[in-house]
Amino acid sequence: MILRLLHPGSAGSGPLSRAADEYKKRLGRHFRVEEDFLKATVKKPTAVALSEEADRIRGALRPRQRLVALAVDGEQWSSERVAERLGAWMNAGYAGVVFALGSAEGLDPALVREADERWSFGPLTLPHDLARVVLWEQLYRAGTILRGEPYHK
């Protein structure tokens, strides 16, 4: 199964980007991991920019992939709940699970409504690169929980 992050913007640099890459590498031992940076829309009204970015996300989806919107109004999942969701996605036979992370303005509300699931990292606003670290680390942690490895303890 593929675990895939789609988001407008460009690859960051610095310690947060390196941390995200390290968790992707660890997760990649057990899953196929992909991250696609899509073109961000700039210099347009927010609603137009979000709609254009959502169209790019939709256009990058592949058949049999489940869409999870990373959105502040989504469900807040514990690490154990992330492991449960990961196990359920694997057992359901999806080709992949795509996580959509918005640009600085967030995600288009229509895309959030269309998503199969909505996951919130809490009410805090996180810098984009930190949200990437949280996503990859939690997916890595979920995998260790499912395999009964000691990382989670």
# chains A, B, ... in the order shown; residues from 1 in each chain; ligands from 1

call {"tool": "residues_around", "arguments": {"residues": "Tyr23 (chain A)", "least_positions_apart": "6", "cutoff": "9 Å", "atoms": "only C-alpha atoms", "output": "ChimeraX atom specification"}}
result
/A:133,136-140

call {"tool": "residues_around", "arguments": {"residues": "Gly143 (chain A)", "least_positions_apart": "5", "cutoff": "12 Å", "atoms": "only C-alpha atoms", "output": "short mmCIF file (atom, residue, chain, number, x, y, z; two decimals) with C-alpha atoms, in the first residue's frame"}}
result
data_model
loop_
_atom_site.label_atom_id
_atom_site.label_comp_id
_atom_site.auth_asym_id
_atom_site.auth_seq_id
_atom_site.Cartn_x
_atom_site.Cartn_y
_atom_site.Cartn_z
CA LEU A 3 1.13 6.26 1.78
CA TYR A 23 10.48 9.48 9.17
CA LYS A 24 9.60 8.90 5.51
CA ARG A 26 11.85 4.75 8.28
CA LEU A 27 8.27 4.30 7.11
CA GLY A 28 9.56 3.32 3.67
CA ARG A 29 10.95 0.09 5.12
CA HIS A 30 7.38 -1.23 5.39
CA PHE A 31 5.31 0.89 2.97
CA SER A 79 -1.51 7.41 17.95
CA GLU A 80 -3.44 4.22 18.68
CA ARG A 81 -6.33 5.47 16.52
CA VAL A 82 -3.92 6.24 13.67
CA ALA A 83 -2.68 2.64 13.96
CA GLU A 84 -6.28 1.38 13.83
CA ARG A 85 -6.99 3.48 10.72
CA LEU A 86 -3.75 2.30 9.07
CA GLY A 87 -4.66 -1.32 9.75
CA MET A 90 -4.47 -2.03 4.64
CA TRP A 136 5.21 11.09 8.76
CA GLU A 137 6.13 10.49 12.40
CA GLN A 138 2.61 9.46 13.35
CA GLY A 148 4.32 -4.58 18.16
CA GLU A 149 7.67 -2.81 18.05
CA PRO A 150 8.95 -0.85 21.06
CA TYR A 151 9.16 2.61 19.41
CA HIS A 152 5.72 3.63 20.69
#

call {"tool": "closest_residue", "arguments": {"among": "A:Gln76, A:Ser51, A:Ser103, A:Thr144", "to": "Phe121 (chain A)", "atoms": "only C-alpha atoms"}}
result
A:Gln76

call {"tool": "residues_around", "arguments": {"residues": "region 59-73 of chain A", "least_positions_apart": "5", "cutoff": "9 Å", "atoms": "only C-alpha atoms", "output": "PyMOL selection string"}}
result
chain A and resi 2+6+36+38+54+89+93-102+106-107+111-125

call {"tool": "select_by_dssp", "arguments": {"residues": "chain A", "states": "strand (DSSP E or B)", "output": "VMD selection string"}}
result
chain A and resid 2 to 8 32 to 38 65 to 76 96 to 101 103 106 117 to 120

call {"tool": "atom_distance", "arguments": {"atom1": "CA of Arg4 (chain A)", "atom2": "CA of Asp21 (chain A)"}}
result
13.1 Å

call {"tool": "closest_atom_pairs", "arguments": {"of": "region 50-129 of chain A", "to": "region 14-20 of chain A", "cutoff": "10 Å", "atoms": "only C-alpha atoms", "output": "CSV"}}
result
residue,atom,partner,partner_atom,distance
A:Pro127,CA,A:Leu16,CA,9.8
A:His128,CA,A:Leu16,CA,9.5
A:Asp129,CA,A:Leu16,CA,5.9

call {"tool": "closest_residue", "arguments": {"among": "A:Gly12, A:Asp108, A:His7, A:Leu130", "to": "Lys39 (chain A)", "atoms": "only C-alpha atoms"}}
result
A:His7

call {"tool": "atom_distance", "arguments": {"atom1": "CA of Met1 (chain A)", "atom2": "CA of Asp55 (chain A)"}}
result
23.9 Å

call {"tool": "atom_distance", "arguments": {"atom1": "CA of Gly9 (chain A)", "atom2": "CA of Ala40 (chain A)"}}
result
5.0 Å

call {"tool": "closest_residue", "arguments": {"among": "A:Ala11, A:Ile145, A:Val134, A:Pro109", "to": "Val48 (chain A)", "atoms": "only C-alpha atoms"}}
result
A:Pro109

call {"tool": "select_by_dssp", "arguments": {"residues": "chain A", "states": "helix (DSSP H, G or I)", "output": "ChimeraX atom specification"}}
result
/A:15-27,46-60,79-91,109-114,128-147,150-152

call {"tool": "closest_residue", "arguments": {"among": "A:Ala92, A:Glu52, A:Ala110, A:Leu5", "to": "Arg32 (chain A)", "atoms": "only C-alpha atoms"}}
result
A:Leu5

call {"tool": "decode", "arguments": {"residues": "region 127-141 of chain A", "atoms": "N, CA and C atoms", "output": "PDB file, in the first residue's frame"}}
result
ATOM      1  N   PRO A 127       3.263  25.270  11.327  1.00  0.00           N
ATOM      2  CA  PRO A 127       3.975  25.575  10.091  1.00  0.00           C
ATOM      3  C   PRO A 127       3.930  24.352   9.183  1.00  0.00           C
ATOM      4  N   HIS A 128       3.910  24.594   7.897  1.00  0.00           N
ATOM      5  CA  HIS A 128       3.768  23.529   6.903  1.00  0.00           C
ATOM      6  C   HIS A 128       4.789  22.404   7.122  1.00  0.00           C
ATOM      7  N   ASP A 129       6.054  22.767   7.285  1.00  0.00           N
ATOM      8  CA  ASP A 129       7.091  21.746   7.448  1.00  0.00           C
ATOM      9  C   ASP A 129       6.916  20.960   8.743  1.00  0.00           C
ATOM     10  N   LEU A 130       6.399  21.588   9.781  1.00  0.00           N
ATOM     11  CA  LEU A 130       6.153  20.857  11.033  1.00  0.00           C
ATOM     12  C   LEU A 130       4.984  19.886  10.863  1.00  0.00           C
ATOM     13  N   ALA A 131       3.958  20.290  10.136  1.00  0.00           N
ATOM     14  CA  ALA A 131       2.832  19.383   9.872  1.00  0.00           C
ATOM     15  C   ALA A 131       3.307  18.152   9.104  1.00  0.00           C
ATOM     16  N   ARG A 132       4.259  18.335   8.182  1.00  0.00           N
ATOM     17  CA  ARG A 132       4.825  17.189   7.455  1.00  0.00           C
ATOM     18  C   ARG A 132       5.520  16.231   8.426  1.00  0.00           C
ATOM     19  N   VAL A 133       6.293  16.772   9.360  1.00  0.00           N
ATOM     20  CA  VAL A 133       6.980  15.922  10.347  1.00  0.00           C
ATOM     21  C   VAL A 133       5.957  15.159  11.177  1.00  0.00           C
ATOM     22  N   VAL A 134       4.915  15.852  11.643  1.00  0.00           N
ATOM     23  CA  VAL A 134       3.888  15.204  12.472  1.00  0.00           C
ATOM     24  C   VAL A 134       3.223  14.070  11.691  1.00  0.00           C
ATOM     25  N   LEU A 135       2.854  14.320  10.444  1.00  0.00           N
ATOM     26  CA  LEU A 135       2.214  13.278   9.639  1.00  0.00           C
ATOM     27  C   LEU A 135       3.110  12.052   9.511  1.00  0.00           C
ATOM     28  N   TRP A 136       4.333  12.244   9.009  1.00  0.00           N
ATOM     29  CA  TRP A 136       5.207  11.091   8.758  1.00  0.00           C
ATOM     30  C   TRP A 136       5.577  10.379  10.058  1.00  0.00           C
ATOM     31  N   GLU A 137       5.791  11.133  11.133  1.00  0.00           N
ATOM     32  CA  GLU A 137       6.133  10.488  12.404  1.00  0.00           C
ATOM     33  C   GLU A 137       4.967   9.668  12.922  1.00  0.00           C
ATOM     34  N   GLN A 138       3.761  10.200  12.847  1.00  0.00           N
ATOM     35  CA  GLN A 138       2.605   9.463  13.351  1.00  0.00           C
ATOM     36  C   GLN A 138       2.312   8.224  12.515  1.00  0.00           C
ATOM     37  N   LEU A 139       2.514   8.301  11.214  1.00  0.00           N
ATOM     38  CA  LEU A 139       2.338   7.103  10.388  1.00  0.00           C
ATOM     39  C   LEU A 139       3.417   6.063  10.700  1.00  0.00           C
ATOM     40  N   TYR A 140       4.638   6.519  10.920  1.00  0.00           N
ATOM     41  CA  TYR A 140       5.705   5.591  11.318  1.00  0.00           C
ATOM     42  C   TYR A 140       5.369   4.948  12.667  1.00  0.00           C
ATOM     43  N   ARG A 141       4.931   5.768  13.618  1.00  0.00           N
ATOM     44  CA  ARG A 141       4.555   5.262  14.943  1.00  0.00           C
ATOM     45  C   ARG A 141       3.408   4.252  14.818  1.00  0.00           C
TER      46      ARG A 141
END
